[in-house]
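Source file run-v7.txt; content: compact mmCIF, C-alpha atoms.
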```txt
# COMPACT_ATOMS: atom_id res chain seq x y z
CA MET A 1 -15.70 48.14 -37.65
CA ARG A 2 -12.66 47.32 -39.66
CA SER A 3 -11.02 45.68 -36.69
CA VAL A 4 -14.15 43.59 -36.10
CA LEU A 5 -13.94 42.35 -39.69
CA VAL A 6 -10.27 41.49 -39.35
CA PHE A 7 -11.04 39.63 -36.11
CA LEU A 8 -13.83 37.63 -37.78
CA MET A 9 -11.62 36.73 -40.73
CA MET A 10 -8.85 35.61 -38.45
CA GLY A 11 -11.33 33.53 -36.50
CA LEU A 12 -12.57 31.85 -39.66
CA ALA A 13 -9.04 31.20 -40.84
CA ALA A 14 -8.15 29.64 -37.49
CA SER A 15 -11.27 27.46 -37.55
CA ALA A 16 -10.49 26.30 -41.06
CA PHE A 17 -6.95 25.39 -39.96
CA LEU A 18 -8.18 23.47 -36.94
CA PHE A 19 -10.79 21.54 -38.86
CA ALA A 20 -8.35 20.82 -41.65
CA GLY A 21 -6.19 19.24 -38.99
CA CYS A 22 -9.04 16.94 -37.96
CA GLN A 23 -9.52 15.55 -41.44
CA PRO A 24 -6.78 13.18 -42.47
CA ALA A 25 -5.36 13.83 -45.92
CA GLY A 26 -6.97 11.65 -48.51
CA GLN A 27 -9.88 10.69 -46.24
CA PRO A 28 -12.97 10.32 -48.45
CA GLU A 29 -15.73 12.64 -47.42
CA GLY A 30 -18.46 11.04 -45.37
CA GLU A 31 -16.34 8.12 -44.20
CA THR A 32 -15.31 7.83 -40.59
CA PRO A 33 -11.76 6.61 -40.02
CA ALA A 34 -11.43 3.50 -37.90
CA ALA A 35 -10.73 4.61 -34.34
CA GLU A 36 -7.27 3.66 -33.20
CA PRO A 37 -7.33 1.69 -29.96
CA ALA A 38 -6.58 4.10 -27.14
CA ALA A 39 -3.59 3.22 -24.98
CA PRO A 40 -4.91 1.82 -21.71
CA VAL A 41 -4.63 4.37 -18.96
CA MET A 42 -3.08 2.84 -15.87
CA SER A 43 -4.67 3.82 -12.57
CA ASP A 44 -2.41 5.40 -9.97
CA GLU A 45 -2.71 2.28 -7.82
CA ASP A 46 -1.66 0.06 -10.72
CA ALA A 47 1.20 2.39 -11.62
CA ILE A 48 2.45 2.26 -8.03
CA ARG A 49 2.18 -1.53 -7.99
CA LYS A 50 4.15 -1.60 -11.23
CA VAL A 51 7.03 0.24 -9.54
CA ALA A 52 7.18 -2.67 -7.08
CA ASP A 53 7.04 -5.15 -9.98
CA ASP A 54 9.86 -3.29 -11.75
CA PHE A 55 11.84 -3.35 -8.51
CA VAL A 56 11.52 -7.14 -8.40
CA VAL A 57 12.70 -7.51 -12.01
CA ALA A 58 15.68 -5.23 -11.38
CA TRP A 59 16.62 -6.94 -8.10
CA ASN A 60 16.45 -10.42 -9.62
CA ALA A 61 18.71 -9.24 -12.43
CA GLY A 62 21.10 -7.68 -9.90
CA ASP A 63 20.58 -4.36 -11.69
CA ALA A 64 21.36 -1.62 -9.16
CA ASP A 65 21.02 1.21 -11.69
CA SER A 66 17.50 0.17 -12.67
CA ILE A 67 16.50 0.08 -9.02
CA ALA A 68 17.90 3.58 -8.55
CA GLY A 69 15.90 4.69 -11.59
CA LEU A 70 12.70 3.86 -9.71
CA PHE A 71 13.61 6.53 -7.16
CA ALA A 72 13.07 10.25 -7.51
CA GLU A 73 16.31 12.02 -8.40
CA ASP A 74 16.72 13.05 -4.75
CA GLY A 75 14.92 10.00 -3.36
CA ASP A 76 16.25 8.33 -0.26
CA SER A 77 16.39 4.95 1.35
CA LEU A 78 16.64 4.08 5.03
CA ALA A 79 17.74 0.46 5.28
CA PRO A 80 16.43 -1.82 8.06
CA ASP A 81 19.79 -1.51 9.83
CA GLY A 82 19.51 2.29 9.88
CA ALA A 83 21.90 3.03 6.99
CA TYR A 84 20.72 6.04 4.97
CA TYR A 85 21.26 6.71 1.28
CA LYS A 86 20.12 9.89 -0.43
CA GLY A 87 19.95 10.45 -4.16
CA ARG A 88 19.92 8.00 -7.05
CA ASP A 89 23.71 7.70 -7.16
CA ALA A 90 23.95 6.77 -3.48
CA VAL A 91 21.03 4.36 -3.78
CA ALA A 92 22.61 2.69 -6.84
CA ALA A 93 26.00 2.44 -5.12
CA ASN A 94 24.42 0.78 -2.08
CA TYR A 95 22.54 -1.80 -4.15
CA ARG A 96 25.64 -2.43 -6.27
CA THR A 97 27.61 -3.20 -3.12
CA SER A 98 24.78 -5.38 -1.80
CA PHE A 99 24.47 -7.34 -5.06
CA GLU A 100 28.20 -8.04 -4.92
CA GLY A 101 27.97 -8.98 -1.25
CA MET A 102 25.22 -10.25 1.00
CA TYR A 103 22.49 -10.13 -1.65
CA LYS A 104 24.57 -11.74 -4.38
CA GLY A 105 22.50 -14.25 -6.33
CA THR A 106 19.39 -13.63 -4.26
CA THR A 107 15.87 -13.24 -5.54
CA ILE A 108 13.08 -11.12 -4.13
CA THR A 109 9.31 -11.37 -4.17
CA ILE A 110 7.11 -8.44 -3.24
CA SER A 111 3.46 -8.10 -2.40
CA THR A 112 1.91 -4.65 -2.21
CA THR A 113 -0.71 -4.74 0.53
CA SER A 114 -1.92 -1.17 0.80
CA ILE A 115 -1.82 2.05 -1.19
CA ARG A 116 -3.00 5.33 0.31
CA ILE A 117 -3.29 8.22 -2.09
CA LEU A 118 -2.75 11.30 0.09
CA GLU A 119 -2.94 13.72 -2.81
CA PRO A 120 -3.10 13.19 -6.58
CA ASP A 121 0.70 13.20 -6.66
CA VAL A 122 1.62 11.77 -3.25
CA ALA A 123 0.94 8.26 -2.03
CA ILE A 124 2.08 5.76 0.57
CA GLY A 125 2.59 2.18 -0.53
CA ASP A 126 3.01 -0.65 1.95
CA GLY A 127 3.81 -4.25 1.38
CA THR A 128 5.82 -7.29 2.27
CA TYR A 129 8.93 -8.77 0.71
CA GLU A 130 10.91 -11.96 0.93
CA ILE A 131 14.54 -12.39 -0.08
CA ALA A 132 15.60 -15.94 -0.96
CA GLY A 133 18.94 -17.50 -1.82
CA LEU A 134 20.99 -15.94 0.98
CA LYS A 135 24.32 -17.52 1.89
CA ASP A 136 26.35 -17.03 5.03
CA ALA A 137 30.07 -16.24 5.14
CA GLU A 138 30.86 -19.94 4.65
CA GLY A 139 28.56 -20.17 1.65
CA GLN A 140 25.90 -22.12 3.54
CA ASP A 141 22.21 -21.51 2.88
CA MET A 142 20.53 -19.03 5.18
CA PRO A 143 16.87 -18.58 6.00
CA ASN A 144 14.95 -16.16 3.82
CA ILE A 145 14.57 -12.59 5.02
CA LYS A 146 10.92 -11.66 5.41
CA GLY A 147 10.28 -7.98 5.70
CA MET A 148 7.85 -5.16 5.17
CA PHE A 149 8.26 -1.95 3.28
CA THR A 150 6.76 1.49 3.15
CA ASN A 151 7.40 3.67 0.15
CA ILE A 152 6.41 7.30 0.00
CA MET A 153 5.69 7.83 -3.67
CA THR A 154 5.54 11.06 -5.63
CA LYS A 155 4.24 11.55 -9.14
CA MET A 156 6.55 13.42 -11.49
CA GLY A 157 4.67 14.14 -14.71
CA ASP A 158 2.90 10.86 -15.36
CA LYS A 159 5.45 8.71 -13.54
CA TRP A 160 5.31 7.51 -9.94
CA LEU A 161 8.70 7.38 -8.23
CA MET A 162 9.95 6.45 -4.80
CA ALA A 163 10.71 9.56 -2.76
CA CYS A 164 11.39 7.58 0.40
CA SER A 165 11.94 3.86 0.76
CA ARG A 166 11.59 2.48 4.29
CA PRO A 167 11.97 -1.30 4.48
CA MET A 168 11.92 -3.05 7.84
CA VAL A 169 12.26 -6.52 9.27
CA PRO A 170 9.68 -7.07 12.00
CA ILE A 171 11.00 -8.56 15.20
CA GLU A 172 9.43 -9.74 18.42
CA MET A 173 10.84 -8.02 21.48
CA PRO A 174 11.10 -10.08 24.65
CA GLY A 175 8.75 -8.87 27.33
CA THR A 176 6.26 -7.25 24.95
CA THR A 177 3.94 -10.16 24.23
CA MET B 1 -18.54 54.77 -3.08
CA ASN B 2 -19.94 52.43 -0.43
CA LYS B 3 -19.38 49.57 -2.84
CA ARG B 4 -15.72 50.55 -3.17
CA ILE B 5 -15.28 50.68 0.60
CA SER B 6 -16.88 47.24 0.99
CA LEU B 7 -14.60 45.82 -1.69
CA PHE B 8 -11.58 47.34 0.05
CA VAL B 9 -12.63 45.86 3.40
CA MET B 10 -13.15 42.45 1.80
CA LEU B 11 -9.79 42.59 0.07
CA SER B 12 -8.11 43.58 3.32
CA LEU B 13 -9.69 40.62 5.07
CA VAL B 14 -8.54 38.25 2.34
CA VAL B 15 -5.01 39.65 2.52
CA SER B 16 -4.98 39.43 6.34
CA PHE B 17 -6.18 35.84 6.25
CA GLY B 18 -3.62 35.00 3.60
CA THR B 19 -0.86 36.48 5.70
CA ALA B 20 -1.91 34.38 8.71
CA VAL B 21 -1.83 31.18 6.66
CA ASN B 22 1.51 32.13 5.16
CA ALA B 23 2.90 32.87 8.60
CA GLN B 24 1.90 29.37 9.59
CA GLU B 25 3.51 27.90 6.50
CA THR B 26 6.76 29.67 7.20
CA THR B 27 7.25 27.59 10.36
CA SER B 28 10.36 25.67 9.44
CA PRO B 29 10.14 21.91 8.90
CA GLU B 30 12.81 21.52 11.58
CA ALA B 31 10.64 23.40 14.08
CA VAL B 32 7.60 21.28 13.20
CA PHE B 33 9.47 18.03 13.83
CA GLU B 34 11.24 19.42 16.88
CA GLU B 35 7.91 20.24 18.46
CA MET B 36 6.32 16.97 17.39
CA GLY B 37 9.20 14.86 18.71
CA ALA B 38 9.15 16.74 22.04
CA LYS B 39 5.39 16.30 22.37
CA TRP B 40 5.57 12.60 21.49
CA ALA B 41 8.31 11.95 24.05
CA GLY B 42 6.45 14.08 26.59
CA VAL B 43 3.27 12.04 26.22
CA TRP B 44 5.11 8.74 26.63
CA ASN B 45 7.33 9.89 29.47
CA THR B 46 4.44 11.28 31.51
CA GLY B 47 2.36 8.17 30.90
CA ASP B 48 -0.63 10.16 29.69
CA MET B 49 -1.21 7.92 26.68
CA GLU B 50 -4.44 9.61 25.63
CA GLY B 51 -2.24 12.56 24.72
CA PHE B 52 -1.14 10.62 21.62
CA ALA B 53 -4.58 11.24 20.13
CA GLU B 54 -3.63 14.89 19.71
CA LEU B 55 -0.67 13.96 17.52
CA TYR B 56 -2.26 11.61 15.00
CA ALA B 57 -4.72 12.21 12.17
CA GLU B 58 -8.06 10.45 12.49
CA ASP B 59 -7.19 8.05 9.64
CA ALA B 60 -3.52 7.61 10.52
CA ASP B 61 -1.82 4.24 10.52
CA PHE B 62 1.05 2.86 12.54
CA ILE B 63 3.19 -0.20 11.91
CA SER B 64 5.06 -1.20 15.02
CA HIS B 65 8.46 -2.90 15.27
CA ASP B 66 6.77 -6.31 15.23
CA GLY B 67 5.00 -5.63 11.95
CA LYS B 68 1.54 -5.17 13.44
CA VAL B 69 -0.61 -2.68 11.57
CA HIS B 70 -2.71 -0.30 13.66
CA LYS B 71 -5.24 1.67 11.63
CA GLY B 72 -6.93 4.78 12.92
CA ARG B 73 -6.15 7.12 15.79
CA GLU B 74 -7.98 5.01 18.36
CA ALA B 75 -6.13 1.82 17.46
CA ILE B 76 -2.80 3.64 17.53
CA VAL B 77 -3.38 5.04 21.01
CA LYS B 78 -4.47 1.56 22.16
CA SER B 79 -1.21 0.08 20.83
CA PHE B 80 0.84 2.51 22.92
CA VAL B 81 -1.30 1.86 25.99
CA GLU B 82 -0.60 -1.85 25.51
CA LEU B 83 3.13 -1.28 25.01
CA ALA B 84 3.22 0.78 28.18
CA GLY B 85 1.78 -2.21 30.00
CA THR B 86 4.73 -4.42 29.07
CA VAL B 87 8.38 -4.43 30.03
CA PHE B 88 8.49 -0.86 28.70
CA LYS B 89 6.30 0.33 31.56
CA GLY B 90 7.95 3.35 33.14
CA ALA B 91 10.74 3.44 30.55
CA GLN B 92 11.71 6.87 29.28
CA ILE B 93 12.16 7.65 25.61
CA SER B 94 14.37 10.18 23.89
CA ILE B 95 13.91 11.05 20.24
CA GLU B 96 16.49 12.54 17.92
CA ARG B 97 15.51 13.79 14.50
CA THR B 98 17.76 12.54 11.68
CA HIS B 99 16.23 13.44 8.29
CA ILE B 100 13.46 15.66 7.01
CA ARG B 101 11.94 15.77 3.57
CA GLN B 102 9.36 18.33 2.52
CA ILE B 103 7.24 16.55 -0.07
CA LYS B 104 4.80 19.43 -0.51
CA PRO B 105 4.00 22.51 1.57
CA ASN B 106 1.46 20.44 3.52
CA ILE B 107 3.21 17.04 3.56
CA MET B 108 6.55 16.17 5.14
CA VAL B 109 8.47 13.03 6.01
CA GLY B 110 10.66 12.83 9.06
CA ASP B 111 13.01 10.13 10.30
CA SER B 112 14.25 9.88 13.84
CA GLU B 113 16.23 7.65 16.14
CA TRP B 114 14.68 6.70 19.45
CA GLU B 115 16.09 5.18 22.57
CA PHE B 116 14.43 3.84 25.69
CA THR B 117 16.11 3.92 29.06
CA GLY B 118 15.00 2.08 32.16
CA VAL B 119 14.01 -1.13 30.38
CA PRO B 120 14.64 -4.17 32.60
CA GLU B 121 16.05 -7.48 31.44
CA VAL B 122 13.59 -10.24 30.64
CA GLU B 123 14.78 -13.78 31.39
CA GLY B 124 18.36 -12.66 31.00
CA GLN B 125 17.68 -10.80 27.75
CA THR B 126 17.61 -7.05 27.32
CA PRO B 127 14.96 -6.06 24.80
CA PRO B 128 16.25 -3.84 22.00
CA THR B 129 15.99 -0.31 23.23
CA LYS B 130 17.10 1.58 20.13
CA GLY B 131 15.38 1.97 16.80
CA THR B 132 14.25 4.34 14.12
CA SER B 133 10.92 5.84 13.20
CA THR B 134 9.57 7.39 10.04
CA VAL B 135 6.52 9.60 10.15
CA VAL B 136 4.58 11.29 7.39
CA VAL B 137 2.95 14.43 8.69
CA VAL B 138 0.18 16.41 7.03
CA ASN B 139 -1.03 19.90 7.71
CA GLN B 140 -4.75 19.76 8.46
CA ASP B 141 -6.38 23.13 9.08
CA GLY B 142 -3.10 24.65 10.18
CA LYS B 143 -2.16 21.77 12.47
CA TRP B 144 0.53 19.22 11.70
CA LEU B 145 -0.58 15.66 12.40
CA ILE B 146 1.02 12.27 11.89
CA THR B 147 -0.76 10.30 9.18
CA SER B 148 1.73 7.46 8.86
CA HIS B 149 4.15 6.12 11.47
CA ARG B 150 6.59 3.24 11.03
CA SER B 151 8.79 2.05 13.86
CA ARG B 152 11.78 -0.21 13.29
CA VAL B 153 14.32 -2.05 15.36
CA PRO B 154 17.50 -2.99 13.50
CA PRO B 155 17.45 -6.74 12.74
CA PRO B 156 20.49 -8.98 12.68
CA MET B 157 21.75 -8.77 9.10
CA PRO B 158 23.47 -11.59 7.18
CA THR B 159 27.19 -11.38 6.62
CA ALA B 160 28.43 -11.37 3.05
CA PRO B 161 29.95 -14.63 1.83
CA GLU B 162 33.73 -14.55 1.43
```

Please express what this file holds, its structure, as structure tokens.
Amino acid sequence: MRSVLVFLMMGLAASAFLFAGCQPAGQPEGETPAAEPAAPVMSDEDAIRKVADDFVVAWNAGDADSIAGLFAEDGDSLAPDGAYYKGRDAVAANYRTSFEGMYKGTTITISTTSIRILEPDVAIGDGTYEIAGLKDAEGQDMPNIKGMFTNIMTKMGDKWLMACSRPMVPIEMPGTT
Amino acid sequence: MNKRISLFVMLSLVVSFGTAVNAQETTSPEAVFEEMGAKWAGVWNTGDMEGFAELYAEDADFISHDGKVHKGREAIVKSFVELAGTVFKGAQISIERTHIRQIKPNIMVGDSEWEFTGVPEVEGQTPPTKGTSTVVVVNQDGKWLITSHRSRVPPPMPTAPE
């Protein structure tokens, strides 16, 4: 019986503490505080699209480290030419080299065309990209590169990151059309 | 007493079932992709294109080297039937696994390099016969199926300005 009483008292004390926490100090009784506007919750699709948007901003600033930051720590990238980079450091180093070389001064536009959520924390994002401002070895203008990409995305906490980046440049093969 | 026996039997069944599932999950990712690559090449090389249906999930998608998007198992099989009716008719494929990533116990990503042999020249040009593929495979009811397949042929890349 004694233990029941102690339990009840503890319960009341806990309730009092919790409710005290709900009432802001100095809030006049009977008045409801103005509700603070809730931060808009971004849908998974929008969050995945935003990764592509952030990629564009980073590319156009020539910011290799920010691009690498959009990857999972052990994320990887398989370039259209078959070169493979694993981990943020390798991804950053590759983009750094590219921004000092063939992609120097280029800009990119991206359009996300499809997002498949496989599981709440795994998705596949597809889209197209176009790189403009390319120069050849003599500094002459080159045609834009038009490609497609597939990103396998994973959600870490509340953040979507690229686990695998698989860009490609579609080509017509003779004898197949 | 009877109740206890029933509970024991039920628990044993649950444990047995769990063990079977676990045994399946312990198949190494390498073994899964080894088997899948061998089956894929086997289907192509024997010309039995309908066999591809066994390898893809119902809602799978495939983007081919030319950027065409094929959605659904049926469309994917059709795309390979069409490819087999081109200059690639009778060509043999070999597939070599290059990278594997286990995303979750039931989702993996695998990259591979493929090469066709026996592709004839077309108007003096040899079509590209080497490329890479990336597949996302999912475990559905104990069976690994391709849900996403991307095939690439390396494009000519620009040379850096001096």

If we count only C-alpha atoms, which residues of chain A reach to within 6 Å of chain B? Please list them as a PyMOL selection string. chain A and resi 80-81+101-102+136-137+139+170-176

What would the list of residues within 8 Å of (20.3, -8.5, -6.8) (file frame) look like as a list in words, if all atoms listed in the file are what count? Ala58, Trp59, Asn60, Ala61, Gly62, Asp63, Ala64, Tyr95, Ser98, Phe99, Tyr103, Lys104, Gly105, Thr106 and Thr107 of chain A

If you count only C-alpha atoms, which residues fall within 9 Å of A:Ser114, apart from same-chain ones fewer than 2 positions away, as a PyMOL selection string? chain A and resi 112+116+124-127

Atom CA of B:Gly51 to atom CA of B:Val77 measures 8.5 Å

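Straight-line separation from atom CA of A:Asn94 to atom CA of A:Met153: 20.1 Å.
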